[in-house]
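See below for target.cif, which holds mmCIF, C-alpha atoms and all ligand atoms.
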```
data_upload
loop_
_atom_site.label_atom_id
_atom_site.label_comp_id
_atom_site.auth_asym_id
_atom_site.auth_seq_id
_atom_site.Cartn_x
_atom_site.Cartn_y
_atom_site.Cartn_z
CA MET A 262 18.91 -23.20 9.33
CA LYS A 263 16.91 -23.10 12.56
CA ILE A 264 15.99 -19.77 14.11
CA LEU A 265 14.51 -19.19 17.56
CA GLY A 266 12.01 -16.31 17.40
CA ILE A 267 10.86 -14.22 20.35
CA GLU A 268 7.87 -11.88 20.22
CA SER A 269 6.64 -9.65 23.07
CA SER A 270 5.47 -6.42 21.47
CA CYS A 271 2.00 -6.18 23.03
CA ASP A 272 -0.14 -8.63 25.02
CA GLU A 273 1.13 -11.91 23.58
CA THR A 274 4.34 -13.56 24.77
CA ALA A 275 5.61 -15.96 22.14
CA ALA A 276 8.55 -18.15 21.17
CA ALA A 277 8.99 -20.38 18.13
CA VAL A 278 11.58 -22.35 16.20
CA VAL A 279 11.32 -22.20 12.42
CA GLU A 280 13.53 -23.99 9.90
CA ASP A 281 14.58 -22.21 6.69
CA GLY A 282 11.89 -19.55 7.09
CA THR A 283 9.01 -21.90 6.35
CA LYS A 284 8.83 -25.03 8.51
CA VAL A 285 7.45 -24.45 11.99
CA ILE A 286 9.13 -26.85 14.42
CA ALA A 287 7.57 -25.37 17.55
CA SER A 288 5.44 -22.35 18.37
CA ALA A 289 4.12 -21.34 21.79
CA VAL A 290 1.98 -18.31 22.57
CA ALA A 291 0.82 -17.09 25.98
CA SER A 292 -1.77 -14.34 25.90
CA SER A 293 -2.83 -11.94 28.63
CA LEU A 294 -5.98 -11.20 26.63
CA GLU A 295 -8.42 -12.41 29.26
CA LEU A 296 -6.95 -10.01 31.75
CA HIS A 297 -7.38 -7.10 29.34
CA ALA A 298 -10.94 -8.18 28.56
CA LYS A 299 -11.76 -7.33 32.19
CA THR A 300 -10.58 -3.74 31.73
CA GLY A 301 -11.94 -3.43 28.17
CA GLY A 302 -8.49 -2.74 26.74
CA ILE A 303 -4.77 -3.04 27.38
CA ILE A 304 -3.12 -1.36 30.36
CA PRO A 305 0.54 -1.24 29.22
CA GLU A 306 2.09 -1.79 32.68
CA GLU A 307 -0.12 -4.82 33.22
CA ALA A 308 0.80 -6.23 29.79
CA ALA A 309 4.52 -5.81 30.63
CA ARG A 310 4.11 -7.60 33.97
CA GLN A 311 2.42 -10.51 32.20
CA GLN A 312 5.28 -10.64 29.67
CA ILE A 313 7.74 -11.17 32.52
CA LYS A 314 5.63 -14.00 33.95
CA SER A 315 5.20 -15.78 30.60
CA ILE A 316 8.54 -15.44 28.82
CA LEU A 317 10.43 -18.33 30.47
CA PRO A 318 7.55 -20.87 30.37
CA VAL A 319 6.97 -20.07 26.70
CA LEU A 320 10.68 -20.48 25.90
CA GLU A 321 10.86 -23.74 27.85
CA GLU A 322 7.86 -25.12 25.97
CA THR A 323 9.41 -24.19 22.62
CA LEU A 324 12.82 -25.62 23.45
CA GLU A 325 11.30 -28.99 24.27
CA ALA A 326 11.04 -29.47 20.51
CA CYS A 327 14.51 -28.23 19.60
CA THR A 328 17.66 -28.19 21.69
CA ILE A 329 19.83 -25.10 22.03
CA GLU A 330 22.74 -26.72 20.13
CA ASN A 331 20.54 -26.98 17.05
CA ILE A 332 19.63 -23.30 16.98
CA ASP A 333 21.62 -21.10 14.60
CA ALA A 334 20.32 -17.64 15.53
CA ILE A 335 17.88 -15.76 17.74
CA ALA A 336 15.32 -13.39 16.18
CA VAL A 337 13.49 -10.84 18.29
CA THR A 338 10.88 -8.14 17.76
CA VAL A 339 12.42 -4.73 18.49
CA GLY A 340 9.38 -2.61 17.57
CA PRO A 341 6.88 -1.17 17.03
CA GLY A 342 4.96 -1.95 20.19
CA LEU A 343 4.62 -1.13 23.88
CA ILE A 344 7.99 -0.26 25.36
CA GLY A 345 7.49 -2.21 28.61
CA SER A 346 6.44 -5.33 26.69
CA LEU A 347 9.17 -5.06 24.04
CA VAL A 348 11.92 -4.75 26.67
CA VAL A 349 11.08 -8.21 28.06
CA GLY A 350 11.67 -9.98 24.73
CA VAL A 351 14.71 -7.91 23.79
CA GLU A 352 16.49 -8.35 27.13
CA THR A 353 15.73 -12.08 27.08
CA ALA A 354 17.18 -12.38 23.57
CA LYS A 355 20.32 -10.51 24.63
CA THR A 356 20.81 -12.78 27.64
CA LEU A 357 20.37 -15.93 25.57
CA SER A 358 22.72 -14.60 22.89
CA LEU A 359 25.44 -14.01 25.47
CA LEU A 360 24.87 -17.34 27.21
CA TRP A 361 24.66 -19.50 24.10
CA ASN A 362 26.92 -17.45 21.86
CA LYS A 363 24.31 -17.14 19.10
CA PRO A 364 23.80 -14.17 16.75
CA ILE A 365 20.75 -11.95 17.20
CA ILE A 366 18.60 -10.79 14.27
CA PRO A 367 16.38 -7.79 15.11
CA ILE A 368 12.94 -7.84 13.46
CA ASN A 369 10.36 -5.15 12.75
CA HIS A 370 7.03 -6.54 14.02
CA LEU A 371 5.05 -5.22 11.02
CA VAL A 372 7.43 -6.73 8.48
CA GLY A 373 7.31 -9.90 10.58
CA HIS A 374 3.54 -10.19 10.19
CA ILE A 375 3.96 -10.46 6.40
CA TYR A 376 6.11 -13.60 6.80
CA ALA A 377 3.17 -15.50 8.31
CA ASN A 378 2.53 -16.15 4.60
CA TRP A 379 5.70 -18.25 4.33
CA LEU A 380 4.80 -20.60 7.22
CA ASP A 381 3.75 -24.22 6.65
CA LEU A 382 3.07 -23.41 3.00
CA GLN A 383 0.74 -25.65 1.02
CA LYS A 384 1.75 -24.00 -2.28
CA GLU A 385 4.82 -22.36 -3.83
CA ILE A 386 6.51 -19.52 -1.92
CA PRO A 387 5.23 -16.00 -2.71
CA MET A 388 6.72 -14.43 -5.83
CA PHE A 389 7.91 -10.84 -6.09
CA PRO A 390 6.79 -8.18 -6.75
CA ALA A 391 4.23 -8.67 -4.01
CA LEU A 392 1.64 -6.32 -2.54
CA ALA A 393 1.08 -6.68 1.19
CA LEU A 394 -1.82 -5.40 3.28
CA VAL A 395 -0.84 -5.28 6.95
CA VAL A 396 -3.83 -4.81 9.25
CA SER A 397 -3.23 -5.10 12.97
CA GLY A 398 -4.46 -3.50 16.18
CA GLY A 399 -2.26 -0.44 15.78
CA HIS A 400 -1.37 -0.32 12.07
CA THR A 401 -2.91 -0.38 8.60
CA ASP A 402 -0.37 -0.28 5.78
CA LEU A 403 -0.17 -1.16 2.10
CA VAL A 404 3.34 -1.90 0.83
CA VAL A 405 4.93 -3.10 -2.39
CA MET A 406 7.71 -5.66 -1.91
CA ASN A 407 10.09 -5.95 -4.85
CA SER A 408 12.33 -8.23 -2.81
CA HIS A 409 12.76 -9.14 0.84
CA SER A 410 14.73 -5.97 1.48
CA ASP A 411 13.02 -3.58 -0.95
CA ILE A 412 9.74 -2.53 0.64
CA THR A 413 7.92 0.63 -0.46
CA TRP A 414 5.02 2.07 1.51
CA ILE A 415 2.18 3.18 -0.76
CA GLY A 416 -0.53 4.03 1.77
CA GLY A 417 -1.88 3.60 5.26
CA THR A 418 -4.36 4.89 7.77
CA ARG A 419 -4.51 8.57 8.54
CA ASP A 420 -6.09 7.97 11.94
CA ASP A 421 -7.34 4.73 13.55
CA ALA A 422 -6.06 1.33 12.42
CA ALA A 423 -8.54 -1.25 11.09
CA GLY A 424 -8.14 -3.40 14.22
CA GLU A 425 -8.61 -0.34 16.37
CA ALA A 426 -11.87 0.42 14.51
CA PHE A 427 -13.11 -3.09 15.36
CA ASP A 428 -12.00 -2.71 18.99
CA LYS A 429 -13.51 0.75 19.54
CA THR A 430 -16.86 0.08 17.85
CA ALA A 431 -17.17 -3.25 19.70
CA ARG A 432 -16.81 -1.32 22.93
CA LEU A 433 -19.60 1.04 21.84
CA LEU A 434 -21.77 -2.02 21.17
CA GLY A 435 -20.97 -3.40 24.64
CA LEU A 436 -19.04 -6.36 23.16
CA SER A 437 -15.93 -7.80 24.80
CA TYR A 438 -12.28 -6.97 24.04
CA PRO A 439 -10.70 -7.64 21.59
CA GLY A 440 -13.42 -6.26 19.36
CA GLY A 441 -12.49 -7.97 16.09
CA PRO A 442 -13.45 -11.52 17.08
CA SER A 443 -16.52 -10.25 19.01
CA ILE A 444 -17.87 -8.22 16.09
CA SER A 445 -17.08 -11.05 13.69
CA ARG A 446 -19.03 -13.57 15.84
CA GLU A 447 -22.12 -11.34 16.09
CA ALA A 448 -21.95 -10.41 12.40
CA GLU A 449 -21.73 -14.03 11.34
CA GLU A 450 -24.99 -14.82 13.13
CA TYR A 451 -26.70 -11.91 11.42
CA ILE A 452 -25.41 -12.78 7.96
CA LYS A 453 -26.41 -16.41 8.43
CA SER A 454 -29.98 -15.54 9.42
CA ALA A 455 -30.43 -12.72 6.89
CA GLY A 456 -29.54 -14.91 3.93
CA GLU A 457 -27.83 -14.22 0.62
CA ASN A 458 -29.37 -10.99 -0.66
CA LEU A 459 -28.13 -8.91 2.18
CA GLU A 460 -27.62 -5.15 1.66
CA MET A 461 -25.24 -3.70 4.21
CA LYS A 462 -24.89 0.01 3.54
CA LEU A 463 -25.71 1.66 6.86
CA PHE A 464 -22.24 3.10 7.54
CA PRO A 465 -19.96 5.22 5.35
CA ARG A 466 -16.93 3.84 3.46
CA PRO A 467 -14.39 6.58 4.20
CA MET A 468 -11.93 7.42 1.38
CA ILE A 469 -13.04 4.44 -0.70
CA ASN A 470 -13.15 6.41 -3.95
CA ASP A 471 -10.24 8.81 -3.58
CA ASN A 472 -7.08 8.35 -5.59
CA THR A 473 -4.68 7.58 -2.74
CA PHE A 474 -4.04 4.26 -1.02
CA ASP A 475 -4.76 5.82 2.36
CA PHE A 476 -7.47 4.81 4.81
CA SER A 477 -9.46 6.57 7.54
CA PHE A 478 -11.50 4.72 10.14
CA SER A 479 -12.16 7.24 12.91
CA GLY A 480 -15.32 8.59 11.22
CA LEU A 481 -16.81 5.12 11.29
CA LYS A 482 -16.51 5.11 15.07
CA THR A 483 -18.41 8.43 15.24
CA ALA A 484 -21.06 7.19 12.79
CA ALA A 485 -21.55 4.04 14.86
CA GLN A 486 -21.74 6.09 18.03
CA ASN A 487 -24.44 8.33 16.53
CA VAL A 488 -26.61 5.33 15.66
CA ILE A 489 -26.01 3.48 18.93
CA GLN A 490 -26.69 6.47 21.19
CA THR A 491 -29.99 7.44 19.57
CA PRO A 492 -33.12 5.29 19.37
CA HIS A 493 -32.59 2.67 16.66
CA GLU A 494 -34.26 -0.46 15.44
CA GLN A 495 -31.18 -2.47 14.44
CA SER A 496 -30.02 -5.33 16.65
CA ILE A 497 -26.46 -5.53 17.96
CA GLN A 498 -25.84 -8.35 15.50
CA CYS A 499 -27.03 -6.20 12.62
CA LEU A 500 -24.86 -3.24 13.69
CA ALA A 501 -21.85 -5.53 14.10
CA ALA A 502 -22.39 -6.84 10.56
CA GLU A 503 -22.74 -3.31 9.17
CA ILE A 504 -19.54 -2.13 10.88
CA GLN A 505 -17.61 -5.18 9.71
CA GLU A 506 -18.90 -4.71 6.15
CA SER A 507 -17.79 -1.10 6.05
CA ILE A 508 -14.24 -1.92 7.24
CA VAL A 509 -13.93 -4.97 4.98
CA ASP A 510 -15.33 -3.15 1.95
CA VAL A 511 -12.80 -0.31 2.24
CA LEU A 512 -9.84 -2.66 2.85
CA VAL A 513 -10.70 -4.93 -0.07
CA THR A 514 -11.61 -2.16 -2.55
CA LYS A 515 -8.48 -0.11 -1.94
CA THR A 516 -6.18 -3.12 -1.94
CA MET A 517 -7.65 -4.34 -5.25
CA LYS A 518 -7.12 -0.84 -6.70
CA ALA A 519 -3.47 -1.11 -5.70
CA VAL A 520 -3.33 -4.54 -7.37
CA GLU A 521 -4.65 -2.94 -10.57
CA LYS A 522 -2.02 -0.21 -10.46
CA TYR A 523 1.08 -2.16 -9.38
CA LYS A 524 0.22 -5.52 -10.98
CA PRO A 525 2.03 -7.65 -8.38
CA LYS A 526 2.45 -11.42 -8.78
CA SER A 527 1.36 -12.09 -5.20
CA LEU A 528 -1.07 -10.50 -2.77
CA LEU A 529 -0.14 -11.07 0.87
CA LEU A 530 -2.54 -10.43 3.76
CA ALA A 531 -1.06 -9.95 7.22
CA GLY A 532 -1.93 -8.94 10.79
CA GLY A 533 -4.61 -9.84 13.32
CA VAL A 534 -7.52 -8.45 11.27
CA THR A 535 -6.83 -11.02 8.52
CA ALA A 536 -8.32 -13.59 10.93
CA ASN A 537 -11.65 -12.01 9.94
CA LYS A 538 -13.65 -14.55 7.94
CA ARG A 539 -15.62 -11.98 5.93
CA LEU A 540 -12.39 -10.25 4.90
CA ARG A 541 -10.86 -13.57 3.84
CA GLU A 542 -13.95 -14.51 1.81
CA LYS A 543 -14.13 -11.12 0.06
CA PHE A 544 -10.47 -11.28 -0.94
CA GLN A 545 -10.93 -14.81 -2.22
CA GLN A 546 -13.85 -13.61 -4.35
CA GLU A 547 -12.04 -10.52 -5.65
CA ALA A 548 -8.55 -11.79 -6.37
CA GLY A 549 -8.57 -12.95 -9.98
CA LYS A 550 -6.47 -15.69 -11.50
CA ASP A 551 -3.64 -13.30 -12.46
CA ILE A 552 -2.56 -12.97 -8.87
CA SER A 553 -1.65 -15.51 -6.24
CA LEU A 554 -3.48 -14.70 -2.99
CA TYR A 555 -1.86 -15.62 0.32
CA ILE A 556 -3.79 -15.57 3.61
CA PRO A 557 -2.02 -16.95 6.70
CA GLU A 558 -3.52 -19.81 8.66
CA PHE A 559 -5.70 -18.45 11.48
CA LYS A 560 -3.15 -19.31 14.18
CA TYR A 561 -0.46 -17.25 12.41
CA CYS A 562 -2.62 -14.12 11.81
CA THR A 563 -2.50 -12.77 15.35
CA ASP A 564 0.75 -12.22 17.21
CA ASN A 565 3.15 -15.17 17.41
CA ALA A 566 6.89 -15.74 17.15
CA ALA A 567 6.89 -18.10 14.16
CA TYR A 568 6.63 -15.24 11.67
CA ILE A 569 9.40 -13.38 13.52
CA ALA A 570 11.70 -16.37 13.07
CA ALA A 571 10.62 -16.71 9.41
CA ALA A 572 11.30 -13.02 8.71
CA ALA A 573 14.76 -13.37 10.25
CA TYR A 574 15.67 -16.14 7.81
CA PHE A 575 15.06 -13.75 4.91
CA HIS A 576 16.64 -10.73 6.65
CA GLN A 577 19.87 -12.14 7.99
CA THR A 578 21.44 -9.00 9.41
CA PRO A 579 22.73 -10.06 12.81
CA ILE A 580 23.91 -7.47 15.30
CA ALA A 581 25.96 -7.73 18.50
CA TRP A 582 23.78 -8.11 21.59
CA GLN A 583 25.43 -4.98 23.04
CA ASN A 584 23.90 -2.94 20.19
CA LEU A 585 20.39 -4.28 20.48
CA SER A 586 17.65 -2.07 21.90
CA THR A 587 13.90 -1.59 21.59
CA ASN A 588 12.45 0.83 19.07
CA PRO A 589 8.72 1.31 19.85
CA GLU A 590 8.19 3.87 17.07
CA LEU A 591 9.35 1.83 14.05
CA THR A 592 7.34 2.13 10.83
CA ILE A 593 6.97 -0.69 8.31
CA THR A 594 9.79 0.54 6.07
CA ASP A 595 12.37 0.89 8.86
CA PHE A 596 15.12 -1.69 8.61
CA GLN A 597 17.90 0.23 10.29
CA PHE A 598 17.70 -0.66 13.95
O1 LIG X 601 -1.70 -8.35 14.78
P1 LIG X 601 -2.41 -8.38 16.07
O2 LIG X 601 -2.64 -9.71 16.74
O3 LIG X 601 -1.71 -7.48 17.13
C1 LIG X 601 -1.11 -6.26 16.80
O4 LIG X 601 0.03 -6.29 16.31
O5 LIG X 601 -1.81 -5.25 16.99
O6 LIG X 601 -3.81 -7.67 15.81
C2 LIG X 601 -4.74 -7.47 16.82
C3 LIG X 601 -5.99 -6.87 16.20
C4 LIG X 601 -7.02 -6.42 17.23
O7 LIG X 601 -7.44 -5.12 16.92
C5 LIG X 601 -8.14 -7.43 17.02
O8 LIG X 601 -9.44 -6.90 17.30
C6 LIG X 601 -8.00 -7.77 15.56
O9 LIG X 601 -6.61 -7.83 15.35
N1 LIG X 601 -8.62 -9.05 15.23
C7 LIG X 601 -9.68 -9.18 14.40
C8 LIG X 601 -10.04 -10.56 14.41
N2 LIG X 601 -9.17 -11.21 15.22
C9 LIG X 601 -8.30 -10.28 15.72
N3 LIG X 601 -10.35 -8.27 13.67
C10 LIG X 601 -11.40 -8.69 12.95
N4 LIG X 601 -11.82 -9.97 12.90
C11 LIG X 601 -11.18 -10.94 13.61
N5 LIG X 601 -11.60 -12.19 13.56
ZN ZN X 602 0.86 -7.80 15.54
#
```
Could you render the structure as C-alpha cells?
Ligand code: KG4
Ligand code: ZN
Amino acid sequence: MKILGIESSCDETAAAVVEDGTKVIASAVASSLELHAKTGGIIPEEAARQQIKSILPVLEETLEACTIENIDAIAVTVGPGLIGSLVVGVETAKTLSLLWNKPIIPINHLVGHIYANWLDLQKEIPMFPALALVVSGGHTDLVVMNSHSDITWIGGTRDDAAGEAFDKTARLLGLSYPGGPSISREAEEYIKSAGENLEMKLFPRPMINDNTFDFSFSGLKTAAQNVIQTPHEQSIQCLAAEIQESIVDVLVTKTMKAVEKYKPKSLLLAGGVTANKRLREKFQQEAGKDISLYIPEFKYCTDNAAYIAAAAYFHQTPIAWQNLSTNPELTITDFQF
C-alpha cells in the first residue's frame, strides 16, 4: 500500500510517498529555516506564506517518483502546529482527495514523529510494548505504546520543550537559529579539544531526581542567562557544551528510569532534538541489551512527510475530506480528530 504524506505544521513543507509504512519511495522537504534565521525565530505569518510557495513544488517533486494512480491514500498532519501553516497542508490534501478520489488519513504530528523509527529499517520492526521519547521544538513527551492505537502519556515538560531550551539558550549565546544544531556544533568542538575526562556540571539538571517522568527546562535558560550576563571565563563553546550536557543528561536519565519501571521491549527516540549527536551517543551507551533502541536516521529526525505517511499506514482511519480540519492544539494522545 502506497501512501502520499503531506506535512506543513511549522516551517518545513514536505511531501513523501511511503510503501507499507516502511519503504520510502520519495521524500521532499522545503524549509524556510534560512528566512527565520534572519529574524532569530519563526514569525508564523511568514512561515505560512512560505508554505503556500513551497507546497506545489514539493508535491511535484515527490510525484515524479510515483504516479497518482499508484497512490492508495493521502495522509496529512492536522496538528499540533501553527494554524496558518497547518491550513496549507490540510486544504491541499482535501483538494487532492476530491480530485483524485482518494481517502484522507489525518495524522497527529507528534505521533507521526515516532514512526520515523519504522522508515528504511535496517533491523526488525519495533516490538510492543515500546517507550517513546518525543523531543521537538514545541513538545517533550514520554509515552508508553502497547500497540499502534494504545498510547499512554507518562510524563512531559511542565514549561519549555527540550528543543525550545536549545533555541532560547543559543539565542542568549548569540548563536544562530535553530539553536539545537548551533549549540551542538559549538559543543562538539569543545568536547573534542577538552578530551575524555571532561566534567560538565556547570548548569542544574532540573527534576532529574524526582519521582515523576516530567521535565522542566525554563530554569536552565535563566541559569544560562545569569552566567552569560555577568563576567565569566568560559568560552561560548564551553557554555554550549554545558547547556547541551544538562539537557541531554536529564532526557537520558529520566527516560532510562521509565525503561526500568515499564520494562518495554523497544525504546523509540523521536523529534528534531534526536538529531543531537551527544543525545544519540548517551542513549547508545545507556540502553542495555534487554531493550532494542531505535534512533531515526538524521534526515528523518526533523520535520518531514515520510513519517506522516508511515504513521498513516498503521492508523488507517480515513475520513471524508468534508470533515477534515486543522487542530493546532492536539496533544500526543489525541486520536479523535
Ligand atoms: O521536530 P522538529 O523538527 O520540529 C518540531 O516539530 O518542532 O524539531 C525542531 C527542534 C528545534 O528546537 C531544533 O533546535 C531542534 O529540534 N534540533 C536540535 C538539533 N537539530 C534540531 N536540537 C539539538 N541538537 C540538534 N542537532
Ligand atoms: Zn516536528
Give me, as a PDB file with C-alpha atoms, keeping the file's coordinate frame, all polymer residues having an atom no more than 12 Å from Gln545 in chain A, counting only C-alpha atoms and skipping those fewer than 6 positions away in the same chain.
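The file below, selection-v8.pdb, is the result:
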```pdb
ATOM      1  CA  VAL A 513     -10.700  -4.930  -0.070  1.00  0.00           C
ATOM      2  CA  MET A 517      -7.650  -4.340  -5.250  1.00  0.00           C
ATOM      3  CA  LEU A 528      -1.070 -10.500  -2.770  1.00  0.00           C
ATOM      4  CA  LEU A 529      -0.140 -11.070   0.870  1.00  0.00           C
ATOM      5  CA  LEU A 530      -2.540 -10.430   3.760  1.00  0.00           C
ATOM      6  CA  LYS A 538     -13.650 -14.550   7.940  1.00  0.00           C
ATOM      7  CA  ARG A 539     -15.620 -11.980   5.930  1.00  0.00           C
ATOM      8  CA  ILE A 552      -2.560 -12.970  -8.870  1.00  0.00           C
ATOM      9  CA  SER A 553      -1.650 -15.510  -6.240  1.00  0.00           C
ATOM     10  CA  LEU A 554      -3.480 -14.700  -2.990  1.00  0.00           C
ATOM     11  CA  TYR A 555      -1.860 -15.620   0.320  1.00  0.00           C
ATOM     12  CA  ILE A 556      -3.790 -15.570   3.610  1.00  0.00           C
TER      13      ILE A 556
END
```
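Using only C-alpha atoms and all ligand atoms, residues with at least one atom at most 7 Å away from any atom of ligand ZN 602 (chain X) are A:His370, A:Leu371, A:His374, A:Ser397, A:Gly398, A:Gly532, A:Gly533, A:Thr563, A:Asp564.
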Q: Return as a PyMOL selection string the residues of protein, DNA or RNA that approach ligand LIG 601 (chain X) to within 9 Å, with all atoms listed in the file taken into account.
A: chain A and resi 270-273+341-342+370-371+374+395-400+422-429+431+438-446+505+531-540+559+561-565
Residues from the last selection, C-alpha atoms, saved as a PDB file, in the coordinates of the input:
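To be explicit, this is the file written out as result-v3.pdb:
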```
ATOM      1  CA  SER A 270       5.470  -6.420  21.470  1.00  0.00           C
ATOM      2  CA  CYS A 271       2.000  -6.180  23.030  1.00  0.00           C
ATOM      3  CA  ASP A 272      -0.140  -8.630  25.020  1.00  0.00           C
ATOM      4  CA  GLU A 273       1.130 -11.910  23.580  1.00  0.00           C
ATOM      5  CA  PRO A 341       6.880  -1.170  17.030  1.00  0.00           C
ATOM      6  CA  GLY A 342       4.960  -1.950  20.190  1.00  0.00           C
ATOM      7  CA  HIS A 370       7.030  -6.540  14.020  1.00  0.00           C
ATOM      8  CA  LEU A 371       5.050  -5.220  11.020  1.00  0.00           C
ATOM      9  CA  HIS A 374       3.540 -10.190  10.190  1.00  0.00           C
ATOM     10  CA  VAL A 395      -0.840  -5.280   6.950  1.00  0.00           C
ATOM     11  CA  VAL A 396      -3.830  -4.810   9.250  1.00  0.00           C
ATOM     12  CA  SER A 397      -3.230  -5.100  12.970  1.00  0.00           C
ATOM     13  CA  GLY A 398      -4.460  -3.500  16.180  1.00  0.00           C
ATOM     14  CA  GLY A 399      -2.260  -0.440  15.780  1.00  0.00           C
ATOM     15  CA  HIS A 400      -1.370  -0.320  12.070  1.00  0.00           C
ATOM     16  CA  ALA A 422      -6.060   1.330  12.420  1.00  0.00           C
ATOM     17  CA  ALA A 423      -8.540  -1.250  11.090  1.00  0.00           C
ATOM     18  CA  GLY A 424      -8.140  -3.400  14.220  1.00  0.00           C
ATOM     19  CA  GLU A 425      -8.610  -0.340  16.370  1.00  0.00           C
ATOM     20  CA  ALA A 426     -11.870   0.420  14.510  1.00  0.00           C
ATOM     21  CA  PHE A 427     -13.110  -3.090  15.360  1.00  0.00           C
ATOM     22  CA  ASP A 428     -12.000  -2.710  18.990  1.00  0.00           C
ATOM     23  CA  LYS A 429     -13.510   0.750  19.540  1.00  0.00           C
ATOM     24  CA  ALA A 431     -17.170  -3.250  19.700  1.00  0.00           C
ATOM     25  CA  TYR A 438     -12.280  -6.970  24.040  1.00  0.00           C
ATOM     26  CA  PRO A 439     -10.700  -7.640  21.590  1.00  0.00           C
ATOM     27  CA  GLY A 440     -13.420  -6.260  19.360  1.00  0.00           C
ATOM     28  CA  GLY A 441     -12.490  -7.970  16.090  1.00  0.00           C
ATOM     29  CA  PRO A 442     -13.450 -11.520  17.080  1.00  0.00           C
ATOM     30  CA  SER A 443     -16.520 -10.250  19.010  1.00  0.00           C
ATOM     31  CA  ILE A 444     -17.870  -8.220  16.090  1.00  0.00           C
ATOM     32  CA  SER A 445     -17.080 -11.050  13.690  1.00  0.00           C
ATOM     33  CA  ARG A 446     -19.030 -13.570  15.840  1.00  0.00           C
ATOM     34  CA  GLN A 505     -17.610  -5.180   9.710  1.00  0.00           C
ATOM     35  CA  ALA A 531      -1.060  -9.950   7.220  1.00  0.00           C
ATOM     36  CA  GLY A 532      -1.930  -8.940  10.790  1.00  0.00           C
ATOM     37  CA  GLY A 533      -4.610  -9.840  13.320  1.00  0.00           C
ATOM     38  CA  VAL A 534      -7.520  -8.450  11.270  1.00  0.00           C
ATOM     39  CA  THR A 535      -6.830 -11.020   8.520  1.00  0.00           C
ATOM     40  CA  ALA A 536      -8.320 -13.590  10.930  1.00  0.00           C
ATOM     41  CA  ASN A 537     -11.650 -12.010   9.940  1.00  0.00           C
ATOM     42  CA  LYS A 538     -13.650 -14.550   7.940  1.00  0.00           C
ATOM     43  CA  ARG A 539     -15.620 -11.980   5.930  1.00  0.00           C
ATOM     44  CA  LEU A 540     -12.390 -10.250   4.900  1.00  0.00           C
ATOM     45  CA  PHE A 559      -5.700 -18.450  11.480  1.00  0.00           C
ATOM     46  CA  TYR A 561      -0.460 -17.250  12.410  1.00  0.00           C
ATOM     47  CA  CYS A 562      -2.620 -14.120  11.810  1.00  0.00           C
ATOM     48  CA  THR A 563      -2.500 -12.770  15.350  1.00  0.00           C
ATOM     49  CA  ASP A 564       0.750 -12.220  17.210  1.00  0.00           C
ATOM     50  CA  ASN A 565       3.150 -15.170  17.410  1.00  0.00           C
TER      51      ASN A 565
END
```
Q: Please identify all polymer residues within 9 Å of Met406 in chain A, counting all atoms listed in the file, omitting same-chain residues fewer than 4 positions from it, and present them as a ChimeraX atom specification.
A: /A:389-393,410-414,525
Q | Neighbour list for Ser288 in chain A as a PyMOL selection string, cut-off 10 Å, only C-alpha atoms, skip fewer than 2 positions in-chain | A | chain A and resi 265-267+275-279+285-286+290+319-320+322-324+326+561+565-568
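If you look at CA of Ile497 in chain A and CA of Glu460 in chain A, they are 16.3 Å away from each other.
As for CA of Ala377 in chain A and CA of Pro557 in chain A, they are spaced 5.6 Å apart.
When CA of Leu463 in chain A is paired with CA of Gly417 in chain A, their separation reads 24.0 Å.
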Using all atoms listed in the file, I'd like a table of the residues in range 316-356 of chain A that come within 12 Å of range 585-589 of chain A; for each, show the closest atom pair and its distance in Å rounded to one decimal, ordered by chain and ascending number, as JSON lines.
```
{"residue": "A:Ala336", "atom": "CA", "partner": "A:Leu585", "partner_atom": "CA", "distance": 11.3}
{"residue": "A:Val337", "atom": "CA", "partner": "A:Leu585", "partner_atom": "CA", "distance": 9.8}
{"residue": "A:Thr338", "atom": "CA", "partner": "A:Thr587", "partner_atom": "CA", "distance": 8.2}
{"residue": "A:Val339", "atom": "CA", "partner": "A:Thr587", "partner_atom": "CA", "distance": 4.7}
{"residue": "A:Gly340", "atom": "CA", "partner": "A:Pro589", "partner_atom": "CA", "distance": 4.6}
{"residue": "A:Pro341", "atom": "CA", "partner": "A:Pro589", "partner_atom": "CA", "distance": 4.2}
{"residue": "A:Gly342", "atom": "CA", "partner": "A:Pro589", "partner_atom": "CA", "distance": 5.0}
{"residue": "A:Leu343", "atom": "CA", "partner": "A:Pro589", "partner_atom": "CA", "distance": 6.2}
{"residue": "A:Ile344", "atom": "CA", "partner": "A:Pro589", "partner_atom": "CA", "distance": 5.8}
{"residue": "A:Gly345", "atom": "CA", "partner": "A:Pro589", "partner_atom": "CA", "distance": 9.5}
{"residue": "A:Ser346", "atom": "CA", "partner": "A:Thr587", "partner_atom": "CA", "distance": 9.8}
{"residue": "A:Leu347", "atom": "CA", "partner": "A:Thr587", "partner_atom": "CA", "distance": 6.4}
{"residue": "A:Val348", "atom": "CA", "partner": "A:Thr587", "partner_atom": "CA", "distance": 6.3}
{"residue": "A:Val349", "atom": "CA", "partner": "A:Thr587", "partner_atom": "CA", "distance": 9.7}
{"residue": "A:Gly350", "atom": "CA", "partner": "A:Thr587", "partner_atom": "CA", "distance": 9.2}
{"residue": "A:Val351", "atom": "CA", "partner": "A:Thr587", "partner_atom": "CA", "distance": 6.7}
{"residue": "A:Glu352", "atom": "CA", "partner": "A:Ser586", "partner_atom": "CA", "distance": 8.3}
{"residue": "A:Thr353", "atom": "CA", "partner": "A:Leu585", "partner_atom": "CA", "distance": 11.2}
{"residue": "A:Ala354", "atom": "CA", "partner": "A:Leu585", "partner_atom": "CA", "distance": 9.2}
{"residue": "A:Lys355", "atom": "CA", "partner": "A:Leu585", "partner_atom": "CA", "distance": 7.5}
{"residue": "A:Thr356", "atom": "CA", "partner": "A:Leu585", "partner_atom": "CA", "distance": 11.1}
```
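When all atoms listed in the file are used to measure the gap to Glu306 in chain A, the shortest distance among A:Ile508, A:Gln490, A:Ser293, A:Arg432 belongs to A:Ser293.
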Q. Which of these residues is nearest to Ser408 in chain A, using only C-alpha atoms: A:Met468, A:Asp551, A:Thr578, A:Pro387?
A. A:Pro387
**Q.** From A:Leu591, A:Ile329, A:Leu394, A:Leu436, residue lying nearest Thr418 in chain A [all atoms listed in the file]
**A.** A:Leu394
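Summary of the local environment: counting only C-alpha atoms, residues at most 7 Å from Ile580 in chain A, other than itself and those fewer than 5 positions away along its chain, are A:Pro364, A:Ile365, A:Ile366.
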